[in-house]
Amino acid sequence: MRRNIIEKIWDAHAICNDEVAGDVEILTIDFMLLHEVTSSQAFSLLKERGIPLFDRTRMAATVDHSIPTSRNRLIIVDDAARLQVASLRAHCEEFGVTLFDFDSGYQGIVHVIGPELGLTQPGMTIVCGDSHTSTHGAFGALAFGVGTSEVGHVMATGALLQAAPKTMKVSFEGAFKPGVTPKDAILTLIAQIGIAGANGHIIEYSGSAVKSMSMEERMTICNMSIECGARAGLIAPDEVTFAFLKGRPYAPSDSRWDEAVALWRSLASDEGASYDRELTIDVSELSPMVTWGINPEQAISVYGTVPVVDSLPETHKAVARQALSYTGLAEGDAIRGVKVEWAFIGSCTNGRIEDLRSAAEVLRGRRVHPDVTMYVVPGSEQVMAQAEREGLRAIFEEAGAEFRMPGCSMCLGMNDDKVPSGRRCISTSNRNFIGRQGAGSITHLASPLTVAASAVAGCIVPWE
Amino acid sequence: MRAFTSITATAAPLPLKDVDTDMIIPAQHLTSISREGFGAHLFERLRVRIPSLFLNQKRYSEARILIADANFGCGSSREHAVWALLDAAIRVVIAPSFADIFSSNSSKNGLLLVVLEPTVIERLMREATEGALVITVDLESQAVSTSDGRAWSFGYDPFRKHCLLRGLDDMDYLRSRLPMISAKKAELEPYSFFRVGTPNR
């Protein structure tokens with residue numbers, strides 16, 4: 001039988017279990033990432049019930065969501081956040097879980113450090129208490145976000161109860177025009193199928209455009225799978241994947257490298273494998289995208305205009321009205337030229353070295369607009385060190401941007417990095433939900449190129 | 001996990017599509033390491049923005065059932081969203097569709113999600129908005145009914161139903177299958193290339 005990569009990984013990890021009625025199967029999980037926000041209650045549950053960890057060598061933790069990104073981050077001023085981080089440290093110590101803490105050289109956003117450490121490998125099942133876990137799918141892993149109860153299940157049993165997914169193939173074909181990036185491609189997909197467009201499905205991304213993408217670019221694509229409702233998104237591993245992994249701390253040892261690569265190659269979908277749904281997008285037609293509303297499907301070309309509510313399908317009108325009232329934009333207005341007061345480069349979507357390089361390229365020799373506050377937050381200590389070595393930090397600082405310490409930062413405003421109420425931010429992050437970047441904040445999602453260009457202009461513009 | 005069998009209660013309307021978990025509980029409240037106390041911040045941002053929100057109306061103070069629109073619970077995987085609803089005494093959400101992770105999290109905590117046809121939801125939404133709508137939701141018979149005798153059946157996964165009626169959580173089930181899981185892990189071991197804590201280089 002011809003199988004696609006999703007079915008291959010699923011079949012290898014699922015336990016056929018006739019006793020279980022319904023569609024639920026036991027899925028064994030190879031690896032779990034932990035962070036401070038969604039793990040404490042799971043550890044506590046294990047302790048209350050006296051349950052040991054199933055396998056502490058199949059998990060790793062870091063701090064990213066609620067930590068400060070200021071230079072003096074070691075002292076966490078916020079009481080609740082300090083307690084939360086202390087709780088993660090104590091639990092990791094008690095249960096013997098490896099923690100990539102501040103100044104370990106590897107602290108950072110969970111979805112940035114997994115790949116950096118070589119922990120994310122093709123063919124694995126990976127979970128984390130975070131919906132952007134789909135990022136790891138860029139390596140041909142089946143990776144998805146789970147709630148805290150499920151984090152507890154994996155801690156205790158190395159497995160989860162899951163219904164088998166439906167499968168979907170999205171082909172990105174062609175070559176991008178200058179100034180258009182994979183971020184624009186994934187925003188286009190989300191705008192096209194909607195934020196519930198792939199509910200219940202796992203997406204395989206393929207096509208000539210995906211094949212020529214770097215790992216960083218593939219991670220941006222897979223990262224936002226959840227924004228169209230998909231349970232996960234992945235890309236078959238190839239030479240680009242293997243080259244990225246080779247030599248990383250947890251990548252296969254030299255003696256097992258060839259064996260690993262042979263195994264990974266066999267994961268690619270069989271010729272003629274079928275999917276529940278298929279869709280093709282020609283990326284050569286795309287322009288830079290920016291969101292205008294309060295969820296990621298409300299995205300348009302940066303050269304476009306805010307939709308007229310009456311022109312939208314009936315089911316979309318109420319949310320559109322809510323969006324216009326929140327963002328203060330008017331129907332039919334050009335999105336280009338809308339004033340911004342904040343700019344954010346960072347997050348698990350676009351906080352990697354290539355993202356910082358492309359933003360720095362735009363900012364080199366230019367100044368951030370005097371009315372704009374710009375944060376550049378590297379995704380990890382590795383990214384930060386690399387950016388410093390390459391002189392990117394100097395470029396950002398000379399341009400007047402703040403180069404901060406690694407973490408999730410202004411993507412979700414769990415720490416002090418918040419966009420003030422009523423202020424407008426152009427952001428490389430993944431969600432423009434109401435108040436996502438702080439109560440009353442207004443978010444416009446875009447690529448690093450568009451964000452950097454807009455920071456200089458003081459208003460939404462493409463990079464030209 | 002809290003068992004769910006049946007409930008008869010006032011239904012509150014939330015006529016907004018794509019309600020995300022940031023709306024249900026903003027990230028700023030996620031620094032708590034408890035499972036309790038999130039109800040106080042339920043729909044915090046919407047309470048300010050929408051004066052007619054059910055939480056702003058005294059007549060819904062006894063509501064235990066929420067009538068919502070499509071794709072309820074999208075976005076972040078935060079289980080805190082489910083904890084916040086339960087903490088605010090909501091035991092059932094009825095909607096045309098739900099997001100996947102939210103749906104999974106609900107089943108782990110005894111929050112019953114009921115999917116009904118959009119036309120039925122539309123009618124119930126209107127009745128809950130215009131007057132006092134009291135609904136009975138019965139899991140055993142998989143039926144939603146109103147006091148005037150109207151009834152609709154809903155689908156529910158048999159395994160999830162078994163667990164929810166008895167308050168059984170996945171943890172006990174999975175632990176009882178540990179030998180099976182360990183055997184599968186042993187089968188997969190040759191395809192594994194690292195153990196955390198002992199880097200390959």
# chains A, B, ... in the order shown; residues from 1 in each chain; ligands from 1

call {"tool": "interface_residues", "arguments": {"of": "chain A", "to": "chain B", "cutoff": "6 Å", "atoms": "only C-alpha atoms", "output": "list in words"}}
result
Ala21, Gly22, Ser40, Thr57, Ala80, Ala81, Asp130, Ser131, Gly147, His153, Pro249, Tyr250, Pro252, Ser253 and Met414 of chain A

call {"tool": "write_last_selection", "arguments": {"atoms": "all heavy atoms", "output": "CSV table (one decimal), in the first residue's frame"}}
result
chain,number,residue,atom,x,y,z
A,21,ALA,N,-12.8,1.4,22.1
A,21,ALA,CA,-13.8,1.7,21.2
A,21,ALA,C,-13.6,3.0,20.5
A,21,ALA,O,-12.7,3.8,21.0
A,21,ALA,CB,-15.2,1.7,21.9
A,22,GLY,N,-14.3,3.3,19.5
A,22,GLY,CA,-14.2,4.6,18.9
A,22,GLY,C,-12.9,4.8,18.0
A,22,GLY,O,-12.3,3.8,17.6
A,40,SER,N,4.1,22.7,35.0
A,40,SER,CA,4.1,22.7,36.5
A,40,SER,C,3.0,21.8,37.0
A,40,SER,O,3.2,20.9,37.9
A,40,SER,CB,4.1,24.1,37.1
A,40,SER,OG,4.3,24.0,38.4
A,57,THR,N,15.0,10.5,29.9
A,57,THR,CA,15.9,10.8,28.8
A,57,THR,C,15.2,11.1,27.5
A,57,THR,O,15.9,11.3,26.5
A,57,THR,CB,16.9,9.7,28.6
A,57,THR,OG1,16.2,8.6,28.0
A,57,THR,CG2,17.6,9.2,29.9
A,80,ALA,N,4.7,36.0,40.3
A,80,ALA,CA,4.1,34.8,39.7
A,80,ALA,C,5.1,34.1,38.7
A,80,ALA,O,5.3,32.9,38.8
A,80,ALA,CB,2.8,35.1,39.0
A,81,ALA,N,5.7,34.9,37.9
A,81,ALA,CA,6.6,34.4,36.9
A,81,ALA,C,7.8,33.8,37.6
A,81,ALA,O,8.3,32.7,37.2
A,81,ALA,CB,7.0,35.5,35.9
A,130,ASP,N,2.4,23.3,23.9
A,130,ASP,CA,2.5,24.6,23.1
A,130,ASP,C,2.0,24.3,21.7
A,130,ASP,O,2.5,23.4,21.0
A,130,ASP,CB,3.9,25.1,23.1
A,130,ASP,CG,4.0,26.5,22.5
A,130,ASP,OD1,3.8,26.7,21.3
A,130,ASP,OD2,4.1,27.5,23.3
A,131,SER,N,1.1,25.1,21.2
A,131,SER,CA,0.4,24.8,19.9
A,131,SER,C,1.4,25.0,18.7
A,131,SER,O,1.1,24.5,17.6
A,131,SER,CB,-0.8,25.7,19.7
A,131,SER,OG,-0.4,27.1,19.7
A,147,GLY,N,-2.3,19.8,25.6
A,147,GLY,CA,-2.6,20.5,26.8
A,147,GLY,C,-1.7,19.9,28.0
A,147,GLY,O,-1.0,18.9,27.8
A,153,HIS,N,0.4,12.8,30.8
A,153,HIS,CA,0.3,11.5,30.2
A,153,HIS,C,1.6,11.0,29.6
A,153,HIS,O,2.1,9.9,29.8
A,153,HIS,CB,-0.8,11.4,29.2
A,153,HIS,CG,-2.1,11.8,29.7
A,153,HIS,ND1,-3.1,12.2,28.9
A,153,HIS,CD2,-2.6,11.8,31.0
A,153,HIS,CE1,-4.2,12.5,29.6
A,153,HIS,NE2,-3.9,12.3,30.9
A,249,PRO,N,24.7,18.6,18.7
A,249,PRO,CA,25.0,17.8,19.9
A,249,PRO,C,24.2,16.5,20.0
A,249,PRO,O,24.8,15.5,20.4
A,249,PRO,CB,24.5,18.7,21.1
A,249,PRO,CG,24.7,20.1,20.5
A,249,PRO,CD,24.4,20.0,19.1
A,250,TYR,N,22.9,16.4,19.7
A,250,TYR,CA,22.2,15.2,19.8
A,250,TYR,C,21.9,14.5,18.5
A,250,TYR,O,21.1,13.5,18.5
A,250,TYR,CB,20.9,15.5,20.6
A,250,TYR,CG,21.1,15.7,22.1
A,250,TYR,CD1,21.2,17.0,22.6
A,250,TYR,CD2,21.3,14.6,23.0
A,250,TYR,CE1,21.5,17.2,23.9
A,250,TYR,CE2,21.5,14.8,24.3
A,250,TYR,CZ,21.6,16.1,24.8
A,250,TYR,OH,21.9,16.3,26.1
A,252,PRO,N,22.6,12.1,15.4
A,252,PRO,CA,23.2,10.7,15.5
A,252,PRO,C,24.8,10.8,15.5
A,252,PRO,O,25.3,11.6,14.8
A,252,PRO,CB,22.7,10.0,14.2
A,252,PRO,CG,21.4,10.7,13.9
A,252,PRO,CD,21.6,12.1,14.3
A,253,SER,N,25.4,9.9,16.2
A,253,SER,CA,26.8,9.9,16.3
A,253,SER,C,27.4,9.5,14.9
A,253,SER,O,26.6,9.0,14.0
A,253,SER,CB,27.3,8.8,17.3
A,253,SER,OG,26.7,7.5,16.9
A,414,MET,N,3.6,37.7,27.9
A,414,MET,CA,3.4,37.2,29.3
A,414,MET,C,4.4,37.8,30.3
A,414,MET,O,4.2,37.7,31.5
A,414,MET,CB,3.7,35.7,29.2
A,414,MET,CG,2.5,34.8,29.0
A,414,MET,SD,2.8,33.1,29.4
A,414,MET,CE,2.7,33.2,31.2

call {"tool": "residues_around", "arguments": {"residues": "A:Ser269", "least_positions_apart": "5", "cutoff": "9 Å", "atoms": "only C-alpha atoms", "output": "PyMOL selection string"}}
result
chain A and resi 2-8+236

call {"tool": "write_last_selection", "arguments": {"atoms": "N, CA and C atoms", "output": "PDB file, in the first residue's frame"}}
result
ATOM      1  N   ARG A   2       0.494   2.225  -0.833  1.00  0.00           N
ATOM      2  CA  ARG A   2       1.257   3.472  -0.889  1.00  0.00           C
ATOM      3  C   ARG A   2       0.854   4.358   0.276  1.00  0.00           C
ATOM      4  N   ARG A   3       1.863   4.793   1.045  1.00  0.00           N
ATOM      5  CA  ARG A   3       1.554   5.612   2.213  1.00  0.00           C
ATOM      6  C   ARG A   3       2.262   6.961   2.114  1.00  0.00           C
ATOM      7  N   ASN A   4       1.619   7.979   2.681  1.00  0.00           N
ATOM      8  CA  ASN A   4       2.303   9.264   2.768  1.00  0.00           C
ATOM      9  C   ASN A   4       3.101   9.302   4.069  1.00  0.00           C
ATOM     10  N   ILE A   5       3.931  10.316   4.216  1.00  0.00           N
ATOM     11  CA  ILE A   5       4.858  10.397   5.363  1.00  0.00           C
ATOM     12  C   ILE A   5       4.100  10.455   6.695  1.00  0.00           C
ATOM     13  N   ILE A   6       2.929  11.071   6.669  1.00  0.00           N
ATOM     14  CA  ILE A   6       2.144  11.186   7.906  1.00  0.00           C
ATOM     15  C   ILE A   6       1.706   9.787   8.352  1.00  0.00           C
ATOM     16  N   GLU A   7       1.194   9.014   7.394  1.00  0.00           N
ATOM     17  CA  GLU A   7       0.740   7.655   7.710  1.00  0.00           C
ATOM     18  C   GLU A   7       1.911   6.770   8.136  1.00  0.00           C
ATOM     19  N   LYS A   8       3.070   6.961   7.500  1.00  0.00           N
ATOM     20  CA  LYS A   8       4.237   6.143   7.863  1.00  0.00           C
ATOM     21  C   LYS A   8       4.642   6.368   9.320  1.00  0.00           C
ATOM     22  N   ALA A 236       8.879  16.442   4.235  1.00  0.00           N
ATOM     23  CA  ALA A 236       9.746  15.265   4.131  1.00  0.00           C
ATOM     24  C   ALA A 236      11.213  15.683   4.230  1.00  0.00           C
TER      25      ALA A 236
END

call {"tool": "residues_around", "arguments": {"residues": "A:Ala323", "least_positions_apart": "4", "cutoff": "7 Å", "atoms": "only C-alpha atoms", "output": "PyMOL selection string"}}
result
chain A and resi 293-294+319+327

call {"tool": "select_by_dssp", "arguments": {"residues": "stretch 221-441 of chain A", "states": "strand (DSSP E)", "output": "list in words"}}
result
Ala232, Gly233, Leu234, Arg277, Glu278, Leu279, Thr280, Ile281, Asp282, Met289, Val290, Thr291, Ala299, Ile300, Ser301, Trp342, Ala343, Phe344, Ile345, Thr373, Met374, Tyr375, Val376, Glu402, Phe403, Arg424, Cys425, Ile426 and Ser427 of chain A

call {"tool": "write_last_selection", "arguments": {"atoms": "N, CA, C and O atoms", "output": "mmCIF file, in the first residue's frame"}}
result
data_model
loop_
_atom_site.group_PDB
_atom_site.id
_atom_site.type_symbol
_atom_site.label_atom_id
_atom_site.label_comp_id
_atom_site.auth_asym_id
_atom_site.auth_seq_id
_atom_site.Cartn_x
_atom_site.Cartn_y
_atom_site.Cartn_z
ATOM 1 N N ALA A 232 -1.032 19.384 12.878
ATOM 2 C CA ALA A 232 0.421 19.454 12.706
ATOM 3 C C ALA A 232 0.707 19.749 11.243
ATOM 4 O O ALA A 232 -0.203 19.699 10.402
ATOM 5 N N GLY A 233 1.962 20.069 10.952
ATOM 6 C CA GLY A 233 2.389 20.256 9.574
ATOM 7 C C GLY A 233 3.797 19.716 9.458
ATOM 8 O O GLY A 233 4.578 19.850 10.404
ATOM 9 N N LEU A 234 4.114 19.085 8.352
ATOM 10 C CA LEU A 234 5.481 18.556 8.227
ATOM 11 C C LEU A 234 5.962 18.562 6.784
ATOM 12 O O LEU A 234 5.188 18.765 5.849
ATOM 13 N N ARG A 277 -7.143 15.567 1.376
ATOM 14 C CA ARG A 277 -7.313 16.822 0.626
ATOM 15 C C ARG A 277 -5.984 17.220 0.001
ATOM 16 O O ARG A 277 -4.928 16.954 0.565
ATOM 17 N N GLU A 278 -6.025 17.914 -1.126
ATOM 18 C CA GLU A 278 -4.801 18.422 -1.749
ATOM 19 C C GLU A 278 -5.041 19.837 -2.254
ATOM 20 O O GLU A 278 -6.149 20.172 -2.671
ATOM 21 N N LEU A 279 -3.988 20.630 -2.216
ATOM 22 C CA LEU A 279 -4.106 22.043 -2.568
ATOM 23 C C LEU A 279 -2.754 22.528 -3.100
ATOM 24 O O LEU A 279 -1.711 22.149 -2.567
ATOM 25 N N THR A 280 -2.770 23.345 -4.148
ATOM 26 C CA THR A 280 -1.511 23.879 -4.683
ATOM 27 C C THR A 280 -1.554 25.403 -4.678
ATOM 28 O O THR A 280 -2.576 26.007 -5.025
ATOM 29 N N ILE A 281 -0.457 26.003 -4.262
ATOM 30 C CA ILE A 281 -0.342 27.464 -4.307
ATOM 31 C C ILE A 281 0.913 27.820 -5.114
ATOM 32 O O ILE A 281 1.998 27.296 -4.846
ATOM 33 N N ASP A 282 0.745 28.680 -6.101
ATOM 34 C CA ASP A 282 1.867 29.143 -6.908
ATOM 35 C C ASP A 282 2.489 30.347 -6.203
ATOM 36 O O ASP A 282 1.889 31.427 -6.184
ATOM 37 N N MET A 289 2.522 39.765 2.635
ATOM 38 C CA MET A 289 1.206 39.727 3.278
ATOM 39 C C MET A 289 1.258 40.443 4.625
ATOM 40 O O MET A 289 2.293 40.460 5.303
ATOM 41 N N VAL A 290 0.127 40.985 5.016
ATOM 42 C CA VAL A 290 0.017 41.612 6.338
ATOM 43 C C VAL A 290 -1.418 41.402 6.821
ATOM 44 O O VAL A 290 -2.345 41.371 6.011
ATOM 45 N N THR A 291 -1.584 41.200 8.120
ATOM 46 C CA THR A 291 -2.943 41.007 8.633
ATOM 47 C C THR A 291 -3.572 42.360 8.948
ATOM 48 O O THR A 291 -2.886 43.314 9.288
ATOM 49 N N ALA A 299 -5.773 38.254 6.511
ATOM 50 C CA ALA A 299 -4.511 38.726 5.941
ATOM 51 C C ALA A 299 -4.724 39.110 4.484
ATOM 52 O O ALA A 299 -5.495 38.466 3.777
ATOM 53 N N ILE A 300 -4.036 40.173 4.072
ATOM 54 C CA ILE A 300 -4.145 40.645 2.687
ATOM 55 C C ILE A 300 -2.760 41.020 2.164
ATOM 56 O O ILE A 300 -1.812 41.150 2.937
ATOM 57 N N SER A 301 -2.665 41.218 0.858
ATOM 58 C CA SER A 301 -1.427 41.726 0.278
ATOM 59 C C SER A 301 -1.163 43.116 0.861
ATOM 60 O O SER A 301 -2.087 43.886 1.102
ATOM 61 N N TRP A 342 5.048 50.359 17.106
ATOM 62 C CA TRP A 342 5.924 49.297 17.600
ATOM 63 C C TRP A 342 6.273 48.344 16.472
ATOM 64 O O TRP A 342 5.486 48.177 15.529
ATOM 65 N N ALA A 343 7.452 47.736 16.588
ATOM 66 C CA ALA A 343 7.859 46.707 15.630
ATOM 67 C C ALA A 343 8.555 45.596 16.408
ATOM 68 O O ALA A 343 9.346 45.868 17.308
ATOM 69 N N PHE A 344 8.209 44.344 16.070
ATOM 70 C CA PHE A 344 8.772 43.208 16.807
ATOM 71 C C PHE A 344 9.332 42.166 15.847
ATOM 72 O O PHE A 344 8.612 41.658 14.980
ATOM 73 N N ILE A 345 10.619 41.881 16.020
ATOM 74 C CA ILE A 345 11.257 40.780 15.289
ATOM 75 C C ILE A 345 11.553 39.704 16.321
ATOM 76 O O ILE A 345 12.294 39.947 17.279
ATOM 77 N N THR A 373 9.050 52.110 18.403
ATOM 78 C CA THR A 373 9.912 51.349 19.309
ATOM 79 C C THR A 373 10.069 49.965 18.712
ATOM 80 O O THR A 373 9.071 49.288 18.455
ATOM 81 N N MET A 374 11.310 49.559 18.480
ATOM 82 C CA MET A 374 11.525 48.266 17.840
ATOM 83 C C MET A 374 12.284 47.318 18.768
ATOM 84 O O MET A 374 13.332 47.659 19.290
ATOM 85 N N TYR A 375 11.701 46.129 18.959
ATOM 86 C CA TYR A 375 12.368 45.081 19.730
ATOM 87 C C TYR A 375 12.859 44.003 18.769
ATOM 88 O O TYR A 375 12.087 43.540 17.917
ATOM 89 N N VAL A 376 14.111 43.617 18.924
ATOM 90 C CA VAL A 376 14.628 42.448 18.223
ATOM 91 C C VAL A 376 14.972 41.431 19.300
ATOM 92 O O VAL A 376 15.822 41.693 20.159
ATOM 93 N N GLU A 402 16.057 47.894 19.911
ATOM 94 C CA GLU A 402 16.538 47.241 21.143
ATOM 95 C C GLU A 402 16.803 45.777 20.854
ATOM 96 O O GLU A 402 15.891 45.054 20.447
ATOM 97 N N PHE A 403 18.036 45.343 21.095
ATOM 98 C CA PHE A 403 18.388 43.934 20.909
ATOM 99 C C PHE A 403 18.330 43.285 22.289
ATOM 100 O O PHE A 403 19.090 43.635 23.178
ATOM 101 N N ARG A 424 -0.176 50.293 17.986
ATOM 102 C CA ARG A 424 -0.183 49.395 16.840
ATOM 103 C C ARG A 424 1.217 48.832 16.626
ATOM 104 O O ARG A 424 2.186 49.585 16.575
ATOM 105 N N CYS A 425 1.296 47.521 16.481
ATOM 106 C CA CYS A 425 2.587 46.852 16.326
ATOM 107 C C CYS A 425 2.619 46.037 15.044
ATOM 108 O O CYS A 425 1.676 45.302 14.746
ATOM 109 N N ILE A 426 3.706 46.159 14.305
ATOM 110 C CA ILE A 426 3.923 45.262 13.176
ATOM 111 C C ILE A 426 4.893 44.194 13.664
ATOM 112 O O ILE A 426 5.925 44.518 14.250
ATOM 113 N N SER A 427 4.512 42.930 13.470
ATOM 114 C CA SER A 427 5.167 41.879 14.231
ATOM 115 C C SER A 427 5.407 40.626 13.393
ATOM 116 O O SER A 427 4.565 40.228 12.591
#

call {"tool": "residues_around", "arguments": {"residues": "B:Ala9", "least_positions_apart": "2", "cutoff": "8 Å", "atoms": "only C-alpha atoms", "output": "list in words"}}
result
Ile7, Ala11, Glu62, Ala63, Arg64, Ile65, Val134, Ile135 and Thr136 of chain B

call {"tool": "write_last_selection", "arguments": {"atoms": "N, CA and C atoms", "output": "CSV table (one decimal), in the first residue's frame"}}
result
chain,number,residue,atom,x,y,z
B,7,ILE,N,-27.2,17.5,32.8
B,7,ILE,CA,-27.4,18.8,33.4
B,7,ILE,C,-28.6,19.5,32.8
B,11,ALA,N,-28.9,28.5,29.5
B,11,ALA,CA,-27.8,28.6,28.5
B,11,ALA,C,-27.5,30.1,28.2
B,62,GLU,N,-26.5,32.2,36.5
B,62,GLU,CA,-26.6,30.8,36.9
B,62,GLU,C,-26.4,29.9,35.6
B,63,ALA,N,-25.9,30.5,34.6
B,63,ALA,CA,-25.7,29.7,33.3
B,63,ALA,C,-24.6,28.7,33.6
B,64,ARG,N,-24.9,27.5,33.1
B,64,ARG,CA,-23.9,26.4,33.2
B,64,ARG,C,-23.6,25.8,31.8
B,65,ILE,N,-24.3,26.4,30.8
B,65,ILE,CA,-24.2,25.9,29.4
B,65,ILE,C,-23.9,27.1,28.5
B,134,VAL,N,-33.7,27.4,29.0
B,134,VAL,CA,-33.2,26.3,29.9
B,134,VAL,C,-33.1,25.1,29.0
B,135,ILE,N,-31.9,24.5,29.1
B,135,ILE,CA,-31.6,23.3,28.3
B,135,ILE,C,-31.2,22.1,29.1
B,136,THR,N,-31.6,21.0,28.7
B,136,THR,CA,-31.1,19.7,29.3
B,136,THR,C,-30.1,19.1,28.4

call {"tool": "residues_around", "arguments": {"residues": "A:Phe54", "least_positions_apart": "3", "cutoff": "7 Å", "atoms": "only C-alpha atoms", "output": "PyMOL selection string"}}
result
chain A and resi 155-158

call {"tool": "write_last_selection", "arguments": {"atoms": "N, CA, C and O atoms", "output": "PDB file, in the first residue's frame"}}
result
ATOM      1  N   MET A 155       4.603  12.250  30.344  1.00  0.00           N
ATOM      2  CA  MET A 155       5.564  12.102  31.448  1.00  0.00           C
ATOM      3  C   MET A 155       5.438  10.707  32.072  1.00  0.00           C
ATOM      4  O   MET A 155       6.425  10.039  32.352  1.00  0.00           O
ATOM      5  N   ALA A 156       4.210  10.281  32.288  1.00  0.00           N
ATOM      6  CA  ALA A 156       3.958   9.050  33.040  1.00  0.00           C
ATOM      7  C   ALA A 156       4.037   7.786  32.199  1.00  0.00           C
ATOM      8  O   ALA A 156       4.380   6.718  32.697  1.00  0.00           O
ATOM      9  N   THR A 157       3.720   7.895  30.910  1.00  0.00           N
ATOM     10  CA  THR A 157       3.603   6.664  30.104  1.00  0.00           C
ATOM     11  C   THR A 157       4.330   6.703  28.756  1.00  0.00           C
ATOM     12  O   THR A 157       4.376   5.693  28.056  1.00  0.00           O
ATOM     13  N   GLY A 158       4.854   7.859  28.375  1.00  0.00           N
ATOM     14  CA  GLY A 158       5.506   7.963  27.070  1.00  0.00           C
ATOM     15  C   GLY A 158       4.530   7.815  25.922  1.00  0.00           C
ATOM     16  O   GLY A 158       4.933   7.521  24.792  1.00  0.00           O
TER      17      GLY A 158
END

call {"tool": "closest_residue", "arguments": {"among": "B:Arg150, B:Ala81, B:Phe38, B:Ala68", "to": "B:Ala95", "atoms": "only C-alpha atoms"}}
result
B:Ala68

call {"tool": "residues_around", "arguments": {"residues": "B:Val137", "least_positions_apart": "6", "cutoff": "9 Å", "atoms": "only C-alpha atoms", "output": "JSON, numbers by chain"}}
result
{"B": [5, 6, 7, 8, 9, 65, 92, 114, 143, 144, 145, 146]}

call {"tool": "write_last_selection", "arguments": {"atoms": "C-alpha atoms", "output": "compact mmCIF listing (two decimals), in the first residue's frame"}}
result
# COMPACT_ATOMS: atom_id res chain seq x y z
CA THR B 5 -23.90 12.60 33.21
CA SER B 6 -26.65 15.16 32.72
CA ILE B 7 -27.38 18.79 33.41
CA THR B 8 -30.40 21.11 33.19
CA ALA B 9 -29.45 24.75 33.29
CA ILE B 65 -24.20 25.91 29.39
CA VAL B 92 -21.19 22.26 28.55
CA VAL B 114 -21.63 19.20 21.98
CA ALA B 143 -29.47 14.35 23.57
CA VAL B 144 -30.01 18.08 23.99
CA SER B 145 -33.56 19.07 24.85
CA THR B 146 -35.61 22.10 25.84

call {"tool": "atom_distance", "arguments": {"atom1": "atom CA of B:Pro118", "atom2": "atom CA of B:Trp152"}}
result
12.4 Å

call {"tool": "atom_distance", "arguments": {"atom1": "atom CA of A:Asp276", "atom2": "atom CA of A:Ser225"}}
result
16.5 Å
